[in-house]
>>> print(open('entry12.cif').read())   # mmCIF, C-alpha atoms
data_work
loop_
_atom_site.label_atom_id
_atom_site.label_comp_id
_atom_site.auth_asym_id
_atom_site.auth_seq_id
_atom_site.Cartn_x
_atom_site.Cartn_y
_atom_site.Cartn_z
CA THR J 1150 -0.20 13.31 15.92
CA ASN J 1151 -2.91 11.36 14.14
CA PHE J 1152 -1.72 7.77 13.74
CA ALA J 1153 -5.00 6.57 12.24
CA VAL J 1154 -3.63 7.41 8.78
CA ASN J 1155 -1.50 4.27 8.84
CA PRO J 1156 -2.94 1.47 11.01
CA SER J 1157 0.38 -0.38 11.14
CA VAL J 1158 1.95 2.68 12.78
CA SER J 1159 -0.84 3.00 15.33
CA VAL J 1160 -0.39 -0.65 16.31
CA PHE J 1161 3.34 -0.10 16.75
CA MET J 1162 2.84 3.12 18.69
CA ALA J 1163 0.18 1.54 20.91
CA SER J 1164 2.49 -1.32 21.84
CA ALA J 1165 5.35 1.11 22.47
CA THR J 1166 3.31 3.36 24.75
CA CYS J 1167 1.85 0.45 26.72
CA SER J 1168 5.19 -1.06 27.47
CA SER J 1169 5.67 -2.15 31.07
CA SER J 1170 9.42 -1.49 30.82
CA GLY J 1171 8.89 2.18 31.69
CA HIS J 1172 9.61 3.60 28.25
CA GLY J 1173 6.08 4.70 27.25
CA PRO J 1174 5.31 8.35 26.42
CA ALA J 1175 8.00 9.69 28.76
CA GLY J 1176 10.63 7.51 27.08
CA MET J 1177 9.47 8.62 23.65
CA ALA J 1178 9.63 12.29 24.71
CA LYS J 1179 13.12 11.75 26.12
CA ALA J 1180 14.28 10.09 22.88
CA ALA J 1181 12.78 12.96 20.83
CA ALA J 1182 14.58 15.53 23.01
CA ALA J 1183 17.88 13.66 22.64
CA GLY J 1184 17.43 13.55 18.87
CA LYS J 1185 16.66 17.26 18.75
CA ALA J 1186 19.74 18.03 20.88
CA ALA J 1187 21.83 15.99 18.43
CA GLY J 1188 20.49 18.09 15.54
CA ASP J 1189 18.09 15.47 14.25
CA GLY J 1190 14.77 16.73 13.02
CA PRO J 1191 11.66 14.67 13.39
CA PRO J 1192 10.98 12.25 10.56
CA PRO J 1193 8.23 13.29 8.16
CA SER J 1194 4.74 12.17 9.09
CA VAL J 1195 3.29 9.19 7.22
CA ALA J 1196 0.48 11.55 6.24
CA THR J 1197 2.84 13.59 4.04
CA LEU J 1198 3.83 13.22 0.43
CA GLU J 1199 7.47 13.76 1.49
CA TYR J 1200 7.42 10.56 3.58
CA TRP J 1201 6.01 8.38 0.80
CA GLU J 1202 8.20 9.86 -1.95
CA GLU J 1203 11.30 9.05 0.11
CA PHE J 1204 9.94 5.62 1.05
CA TYR J 1205 9.15 4.56 -2.51
CA ASN J 1206 12.25 6.08 -4.07
CA HIS J 1207 14.20 3.39 -2.21
CA ARG J 1208 11.77 0.47 -2.62
CA ARG J 1209 11.15 -1.32 -5.91
CA ALA J 1210 9.42 -4.52 -4.81
CA ALA J 1211 5.68 -4.78 -4.19
CA TRP J 1212 4.85 -3.75 -0.65
CA ASP J 1213 1.55 -4.08 1.17
CA THR J 1214 1.18 -1.80 4.18
CA LEU J 1215 -1.17 -3.98 6.13
CA TYR J 1216 -2.91 -6.70 4.14
CA GLY J 1217 -2.03 -8.51 0.95
CA TYR J 1218 -4.52 -9.78 -1.59
CA ASP J 1219 -4.71 -13.24 -0.03
CA ASP J 1220 -5.70 -11.57 3.26
CA ILE J 1221 -8.59 -9.59 1.77
CA LYS J 1222 -9.77 -12.12 -0.81
CA PRO J 1223 -12.09 -13.96 1.65
CA GLY J 1224 -13.92 -10.66 2.19
CA LEU J 1225 -14.71 -10.54 -1.51
CA THR J 1226 -16.69 -13.80 -1.50
CA ASN J 1227 -19.96 -12.15 -2.58
CA ILE J 1228 -18.35 -10.93 -5.82
CA MET J 1229 -16.00 -13.89 -6.27
CA THR J 1230 -19.04 -16.09 -6.93
CA LYS J 1231 -19.78 -14.09 -10.07
CA SER J 1232 -18.52 -15.38 -13.40
CA ARG J 1233 -15.20 -14.09 -14.75
CA ARG J 1234 -17.18 -12.18 -17.37
CA GLU J 1235 -19.27 -10.46 -14.68
CA ARG J 1236 -16.14 -9.72 -12.60
CA SER J 1237 -14.54 -8.05 -15.61
CA THR J 1238 -17.24 -5.36 -15.55
CA ILE J 1239 -17.06 -4.54 -11.83
CA ARG J 1240 -15.38 -1.18 -11.26
CA ILE J 1241 -12.75 -1.16 -8.50
CA LEU J 1242 -11.14 1.96 -7.06
CA HIS J 1243 -7.93 1.24 -5.13
CA ILE J 1244 -7.16 4.45 -3.23
CA GLY J 1245 -3.65 4.80 -1.81
CA CYS J 1246 -2.53 1.78 -3.83
CA GLY J 1247 1.18 2.23 -3.17
CA THR J 1248 3.09 -0.65 -4.73
CA SER J 1249 0.69 -3.20 -3.32
CA ALA J 1250 0.27 -6.55 -5.06
CA VAL J 1251 -3.50 -6.36 -4.52
CA THR J 1252 -4.08 -5.19 -8.09
CA GLU J 1253 -2.26 -8.20 -9.55
CA GLY J 1254 -4.38 -10.50 -7.40
CA LEU J 1255 -7.56 -8.83 -8.56
CA TRP J 1256 -6.39 -9.09 -12.18
CA ARG J 1257 -5.57 -12.82 -11.82
CA ASP J 1258 -9.11 -13.36 -10.49
CA GLY J 1259 -10.70 -11.76 -13.54
CA PHE J 1260 -11.26 -8.14 -12.51
CA ARG J 1261 -10.39 -5.85 -15.42
CA ASN J 1262 -11.81 -2.45 -14.52
CA ILE J 1263 -9.34 -1.37 -11.80
CA CYS J 1264 -8.31 2.21 -11.09
CA ASN J 1265 -5.27 2.66 -8.81
CA ILE J 1266 -4.78 6.07 -7.18
CA ASP J 1267 -1.84 7.34 -5.16
CA PHE J 1268 -0.47 10.82 -4.51
CA SER J 1269 3.16 9.75 -4.80
CA ASN J 1270 4.77 10.32 -8.20
CA ALA J 1271 7.35 7.66 -7.32
CA VAL J 1272 4.52 5.12 -6.87
CA ILE J 1273 2.89 6.10 -10.16
CA ARG J 1274 6.20 5.59 -11.99
CA LEU J 1275 6.84 2.23 -10.28
CA MET J 1276 3.33 0.91 -10.90
CA ALA J 1277 3.32 2.09 -14.55
CA GLN J 1278 6.62 0.27 -15.08
CA ARG J 1279 5.36 -2.86 -13.31
CA TRP J 1280 2.24 -3.00 -15.52
CA GLU J 1281 4.31 -2.38 -18.63
CA ASP J 1282 6.60 -5.28 -17.64
CA LEU J 1283 3.62 -7.55 -16.94
CA SER J 1284 2.09 -6.59 -20.28
CA ASP J 1285 5.37 -7.42 -22.05
CA GLN J 1286 5.54 -10.80 -20.27
CA ALA J 1287 1.94 -11.60 -21.25
CA SER J 1288 2.62 -10.82 -24.90
CA ASP J 1289 5.78 -13.01 -25.03
#
>>> encode(input="entry12.cif", output="structure tokens")
Amino acid sequence: TNFAVNPSVSVFMASATCSSSGHGPAGMAKAAAAGKAAGDGPPPSVATLEYWEEFYNHRRAAWDTLYGYDDIKPGLTNIMTKSRRERSTIRILHIGCGTSAVTEGLWRDGFRNICNIDFSNAVIRLMAQRWEDLSDQASD
């Protein structure tokens, strides 16, 4: 299994396999075998559309997988020094946007040319609705 797709999973898996309590890989294999014996199939991989569709069909609030906008904003210092007018022309591609609040943070800081991409239809619906709601609030 390739856990590099979702760094938060790899961190969790690394801490689980390095446990000194004796669970590690053998414990994980034992738990998987018990689940299979009970008729449970493995959960879908985080690298699949199925996983994210199910995940976002039950989640409406903004959710950042690893870092929120306030976490990444210091890394944007070289473009944050530009004027708001200059920032409005910078093109940003947010791949795998999910329902992250990063886009709202970028928008608040003057970036206007943002393209969010995700392969989950549930995410696209949620984000379209969120932006429509924000647009309605701005026009009130």
>>> residues_around(input="entry12.cif", residues="stretch 1255-1271 of chain J", least_positions_apart="4", cutoff="8 Å", atoms="all atoms listed in the file", output="list of chain:residue names")
J:Leu1198, J:Trp1201, J:Glu1202, J:Tyr1205, J:Asn1206, J:Tyr1218, J:Arg1233, J:Arg1234, J:Arg1236, J:Ser1237, J:Thr1238, J:Ile1239, J:Arg1240, J:Ile1241, J:Leu1242, J:His1243, J:Ile1244, J:Gly1245, J:Cys1246, J:Gly1247, J:Val1251, J:Leu1275
>>> residues_around(input="entry12.cif", residues="J:Phe1204", least_positions_apart="4", cutoff="12 Å", atoms="all atoms listed in the file", output="number ranges by chain")
J: 1192-1195, 1197-1200, 1208-1210, 1212, 1214, 1247-1248, 1269-1272
>>> atom_distance(input="entry12.cif", atom1="atom CA of J:Ser1232", atom2="atom CA of J:Asp1220")
21.4 Å
>>> atom_distance(input="entry12.cif", atom1="atom CA of J:Leu1283", atom2="atom CA of J:Thr1252")
12.0 Å
>>> closest_residue(input="entry12.cif", among="J:Ala1211, J:Ala1187, J:Ala1175, J:Ile1221", to="J:Met1276", atoms="all atoms listed in the file")
J:Ala1211
>>> atom_distance(input="entry12.cif", atom1="atom CA of J:Ala1250", atom2="atom CA of J:Asn1227")
21.1 Å
>>> axis_aligned_box(input="entry12.cif", around="stretch 1249-1268 of chain J", padding_each_side="8 Å", output="lines of an AutoDock Vina configuration file")
center_x = -5.6
center_y = -1.3
center_z = -9.4
size_x = 28.5
size_y = 40.2
size_z = 28.1
